[in-house]
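Shown here: structure_32.tsv, TSV, C-alpha atoms.
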```tsv
chain	number	residue	atom	x	y	z
J	22	ARG	CA	78.23	111.72	145.18
J	23	ALA	CA	79.20	112.91	141.70
J	24	MET	CA	82.08	114.91	143.13
J	25	LEU	CA	83.26	111.91	145.16
J	26	SER	CA	83.17	109.65	142.09
J	27	ALA	CA	85.12	112.19	140.08
J	28	ALA	CA	87.76	112.46	142.81
J	29	LEU	CA	88.12	108.69	143.02
J	30	PHE	CA	88.43	108.39	139.24
J	31	ALA	CA	91.12	111.07	139.18
J	32	GLY	CA	93.05	109.25	141.89
J	33	VAL	CA	92.91	105.98	140.00
J	34	SER	CA	94.04	107.69	136.80
J	35	VAL	CA	97.10	109.06	138.57
J	36	ALA	CA	97.92	105.73	140.20
J	37	LEU	CA	97.71	103.61	137.08
J	38	PRO	CA	100.88	103.32	134.94
J	39	ASP	CA	100.74	105.03	131.59
J	40	PRO	CA	101.05	102.25	128.99
J	41	VAL	CA	102.33	104.72	126.41
J	42	SER	CA	105.32	105.49	128.63
J	43	ALA	CA	106.40	101.83	128.70
J	44	LYS	CA	109.92	101.34	127.41
J	45	ILE	CA	111.62	98.40	125.72
J	46	ASP	CA	114.03	98.02	128.63
J	47	SER	CA	111.50	98.89	131.33
J	48	VAL	CA	111.70	96.95	134.60
J	49	ASN	CA	108.22	98.02	135.65
J	50	PRO	CA	106.14	94.81	135.97
J	51	ALA	CA	102.96	96.75	135.20
J	52	ASN	CA	104.38	97.72	131.81
J	53	ASN	CA	106.10	94.46	130.99
J	54	TYR	CA	103.53	91.87	132.07
J	55	TYR	CA	103.46	90.27	128.60
J	56	PHE	CA	107.10	90.92	127.74
J	57	PRO	CA	108.75	87.82	129.34
J	58	GLN	CA	106.28	85.54	127.57
J	59	ALA	CA	107.02	87.24	124.25
J	60	LYS	CA	110.77	86.86	124.77
J	61	TYR	CA	110.34	83.20	125.59
J	62	ARG	CA	108.12	82.47	122.60
J	63	TYR	CA	109.55	84.60	119.80
J	64	LEU	CA	113.23	85.38	120.42
J	65	PRO	CA	114.48	81.85	119.61
J	66	ARG	CA	112.84	82.11	116.18
J	67	ILE	CA	114.26	85.57	115.55
J	68	PHE	CA	117.72	84.52	116.74
J	69	ARG	CA	117.74	81.42	114.49
J	70	ALA	CA	116.77	83.65	111.57
J	71	TRP	CA	119.63	86.03	112.37
J	72	ILE	CA	122.16	83.20	112.26
J	73	ALA	CA	120.62	81.85	109.06
J	74	SER	CA	120.64	85.25	107.35
J	75	SER	CA	124.04	86.53	108.50
J	76	GLU	CA	126.02	83.27	108.40
J	77	LEU	CA	124.38	80.19	106.88
J	78	ALA	CA	122.54	81.54	103.84
J	79	PRO	CA	125.40	83.60	102.32
J	80	ALA	CA	127.79	80.64	102.51
J	81	ALA	CA	125.19	78.29	101.03
J	82	VAL	CA	124.51	80.63	98.11
J	83	GLN	CA	128.22	81.01	97.39
J	84	ASP	CA	128.58	77.20	97.35
J	85	GLY	CA	125.48	76.80	95.18
J	86	ASP	CA	123.92	74.55	97.83
J	87	TRP	CA	120.27	75.38	97.20
J	88	THR	CA	119.02	72.73	99.61
J	89	ALA	CA	120.88	74.53	102.40
J	90	VAL	CA	119.60	77.89	101.14
J	91	GLN	CA	116.05	76.56	101.30
J	92	GLU	CA	116.61	75.39	104.87
J	93	ALA	CA	117.90	78.85	105.77
J	94	TRP	CA	114.82	80.33	104.12
J	95	ASN	CA	112.61	78.15	106.33
J	96	ARG	CA	114.19	79.79	109.37
J	97	LEU	CA	113.73	83.23	107.89
J	98	GLU	CA	110.08	82.52	107.13
J	99	ASP	CA	109.52	81.28	110.68
J	100	ALA	CA	110.80	84.59	112.07
J	101	ARG	CA	108.65	86.57	109.63
J	102	THR	CA	105.55	85.69	111.64
J	103	ALA	CA	107.31	86.06	115.02
J	104	MET	CA	108.59	89.59	114.47
J	105	PRO	CA	105.21	91.39	114.37
J	106	LEU	CA	104.11	89.57	117.52
J	107	TYR	CA	107.28	90.52	119.35
J	108	THR	CA	107.01	94.12	118.15
J	109	SER	CA	103.51	94.36	119.63
J	110	ALA	CA	104.62	92.94	122.98
J	111	VAL	CA	108.04	94.58	123.23
J	112	GLU	CA	106.79	97.46	125.36
J	113	GLY	CA	104.44	95.47	127.51
J	114	GLN	CA	101.19	95.53	125.55
J	115	ARG	CA	99.08	92.80	123.99
J	116	SER	CA	99.05	92.74	120.21
J	117	THR	CA	95.73	94.42	119.45
J	118	LYS	CA	95.10	96.34	122.67
J	119	ARG	CA	97.34	99.31	122.02
J	120	LYS	CA	96.77	101.55	119.03
J	121	LYS	CA	99.47	104.12	119.80
J	122	LYS	CA	102.98	102.87	119.04
J	123	SER	CA	106.27	104.29	120.28
J	124	ASP	CA	108.86	105.62	117.83
J	125	ALA	CA	110.95	102.48	118.40
J	126	GLN	CA	108.01	100.21	117.60
J	127	LYS	CA	107.20	102.20	114.45
J	128	THR	CA	110.76	101.75	113.20
J	129	MET	CA	110.68	98.05	114.11
J	130	ILE	CA	107.51	97.72	112.02
J	131	VAL	CA	109.29	99.30	109.04
J	132	SER	CA	112.18	96.84	109.44
J	133	GLN	CA	109.92	93.82	109.73
J	134	LYS	CA	108.06	94.82	106.57
J	135	GLU	CA	111.33	95.18	104.65
J	136	TYR	CA	112.37	91.81	106.02
J	137	ALA	CA	109.10	90.11	105.04
J	138	SER	CA	109.28	91.46	101.50
J	139	ALA	CA	112.88	90.26	101.09
J	140	VAL	CA	112.01	86.81	102.44
J	141	GLU	CA	109.26	86.48	99.85
J	142	GLU	CA	111.60	87.57	97.05
J	143	LEU	CA	114.28	85.18	98.28
J	144	GLN	CA	112.01	82.20	97.72
J	145	THR	CA	111.57	83.29	94.10
J	146	ALA	CA	115.35	83.56	93.72
J	147	ILE	CA	115.79	80.08	95.21
J	148	ASN	CA	113.27	78.62	92.78
J	149	LYS	CA	115.19	80.18	89.88
J	150	LYS	CA	118.60	79.42	91.47
J	151	ASP	CA	119.54	83.05	90.93
J	152	LYS	CA	122.64	83.67	93.04
J	153	LYS	CA	122.78	87.43	92.47
J	154	LYS	CA	119.15	87.98	93.45
J	155	ALA	CA	119.43	85.59	96.38
J	156	MET	CA	122.43	87.45	97.82
J	157	ALA	CA	120.64	90.79	97.41
J	158	CYS	CA	117.65	89.45	99.32
J	159	ILE	CA	119.85	87.98	102.04
J	160	ASN	CA	121.68	91.28	102.45
J	161	THR	CA	118.32	92.98	102.90
J	162	THR	CA	117.07	90.47	105.47
J	163	THR	CA	120.34	90.75	107.39
J	164	GLU	CA	120.27	94.55	107.54
J	165	ALA	CA	116.56	94.60	108.44
J	166	LEU	CA	117.16	92.07	111.21
J	167	ARG	CA	120.18	94.02	112.43
J	168	THR	CA	118.12	97.19	112.78
J	169	TYR	CA	115.22	95.31	114.36
J	170	ARG	CA	117.46	93.58	116.92
J	171	GLU	CA	119.23	96.82	117.84
J	172	LEU	CA	115.94	98.63	118.40
J	173	ALA	CA	114.57	95.73	120.46
J	174	LYS	CA	117.88	95.53	122.38
J	175	ILE	CA	118.29	91.85	121.59
J	176	ASP	CA	121.50	92.27	119.58
J	177	LYS	CA	123.44	90.17	122.07
J	178	GLU	CA	125.55	87.07	121.63
J	179	ASP	CA	122.67	84.89	122.84
J	180	GLY	CA	119.97	86.91	121.05
J	181	GLY	CA	118.28	87.69	124.36
J	182	VAL	CA	116.84	84.17	124.44
J	183	ILE	CA	115.54	83.00	127.81
J	184	GLN	CA	117.30	79.89	129.06
J	185	MET	CA	115.31	77.34	131.02
J	186	PRO	CA	116.94	76.44	134.36
J	187	VAL	CA	118.25	72.91	134.66
J	188	GLY	CA	116.09	70.62	136.76
J	189	ASN	CA	115.52	66.93	137.36
J	190	GLY	CA	114.42	64.92	134.34
J	191	MET	CA	112.24	62.76	136.59
J	192	GLU	CA	110.31	65.73	137.93
J	193	ALA	CA	106.91	66.74	136.60
J	194	GLY	CA	108.12	70.20	135.65
J	195	HIS	CA	107.87	71.20	131.99
J	196	ALA	CA	110.91	69.89	130.07
J	197	GLY	CA	112.60	68.87	133.31
J	198	ALA	CA	112.55	72.39	134.76
J	199	PRO	CA	112.36	72.64	138.56
J	200	LEU	CA	108.89	72.06	139.92
J	201	GLY	CA	106.97	75.29	140.36
J	202	TYR	CA	109.12	77.24	137.91
J	203	VAL	CA	107.11	77.04	134.70
J	204	ILE	CA	103.78	78.81	134.48
J	205	PRO	CA	101.26	77.98	131.71
J	206	ALA	CA	101.85	81.30	129.93
J	207	PHE	CA	105.48	80.34	129.34
J	208	ARG	CA	104.75	77.06	127.58
J	209	GLY	CA	105.35	76.84	123.87
J	210	GLY	CA	108.80	78.29	123.18
J	211	GLY	CA	112.24	79.13	124.44
J	212	ILE	CA	115.33	76.98	124.61
J	213	LYS	CA	114.76	74.03	126.89
J	214	ASN	CA	117.27	71.69	128.46
J	215	ASP	CA	118.15	68.19	127.23
J	216	PHE	CA	115.21	66.57	129.00
J	217	ALA	CA	112.94	67.98	126.29
J	218	LEU	CA	114.83	66.04	123.62
J	219	ARG	CA	114.51	62.58	125.11
```

Rewrite the structure of this file - the entire thing - as structure tokens.
Amino acid sequence: RAMLSAALFAGVSVALPDPVSAKIDSVNPANNYYFPQAKYRYLPRIFRAWIASSELAPAAVQDGDWTAVQEAWNRLEDARTAMPLYTSAVEGQRSTKRKKKSDAQKTMIVSQKEYASAVEELQTAINKKDKKKAMACINTTTEALRTYRELAKIDKEDGGVIQMPVGNGMEAGHAGAPLGYVIPAFRGGGIKNDFALR
């Protein structure tokens, strides 16, 4: 019986996918079970931060429009909490279930820490209306986000954001999506169609 149990265990070990071998661009559903949900929830926040850091914030600082800079900072701060969650899920694992990280994830963690530190310093610069310091912080957040997005392979024109399919606004589907499309795990993020705004 012991030998039979050992043989069965060995067979199961071979059959199960190795979570460590999961890749960012893997198409294996066993590896990427959590990945679509993470893309839906966190990529819109990261993409908005990218636009704010690379386009909106620099122009606002140059114009001395500190209200606009503060609004850009709000977007950056929102992504600060999304980035660690996406990093954990990017190769198909739940946030606290996998202790061993890939090289790509380790580098993403470095970038997100640099980003978080710069976002914190940017708020101080905004409070003091220090243009030089604010631009330095924005340059840091932009470069950190650039590296992060390249590693996560979301450095696309649309930021890799999942688009909800257009449905009937009178249907019971979430945000007017076709009935049967949305599953509970996908609720809470993404870019929805106009029915969500009415």

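For the choices J:Leu64, J:Ala146, J:Ala100, J:Leu77, the atom-to-atom distance to Ala173 in chain J is smallest for J:Leu64 when using only C-alpha atoms.
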
Expressed in Å, the length from CA of Asp99 in chain J to CA of Ile67 in chain J is 8.0 Å

The residue from J:Gln126, J:Leu106, J:Thr162, J:Val182 with the smallest atom-to-atom distance to Trp71 in chain J, counting all atoms listed in the file, is J:Thr162

_Report, in Å to a single decimal, how far apart CA of Lys153 in chain J and CA of Leu172 in chain J are._
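Atom-to-atom, CA of Leu172 in chain J and CA of Lys153 in chain J are spaced 29.1 Å apart.
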
**Report entry** Among listed residues J:Asp151, J:Glu76, J:Glu171, J:Glu141, nearest Ala125 in chain J (using only C-alpha atoms)
**Finding:**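 That would be J:Glu171, the residue with the smallest distance to Ala125 in chain J.
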
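In this model, the gap between CA of Glu98 in chain J and CA of Arg66 in chain J comes to 9.5 Å.
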
Nearest candidate to Ala70 in chain J (options J:Val131, J:Ala165, J:Ile175, J:Leu97; using only C-alpha atoms):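 Selected residue with least distance to Ala70 in chain J: J:Leu97.
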
Is there a way to get, as a count of residues only, all residues within 10 Å of the point (110.6, 85.2, 100.4) in file coordinates, counting all atoms listed in the file?
-> 21

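Comparing J:Thr163, J:Ala110, J:Val90, J:Ala157 by their smallest distance to Ser123 in chain J, the closest is J:Ala110 (using only C-alpha atoms).
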
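In terms of minimum interatomic distance to Thr128 in chain J, J:Thr108 ranks closest within J:Thr108, J:Thr102, J:Asn148, J:Gln91, counting all atoms listed in the file.
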
Assuming 3 Å of padding per side, give the centre and edge lengths of the axis-aligned box around every listed atom of range 155-172 of chain J, in Å to one decimal and as JSON.
```
{"center_x": 118.8, "center_y": 92.1, "center_z": 107.4, "size_x": 13.2, "size_y": 19.0, "size_z": 28.0}
```
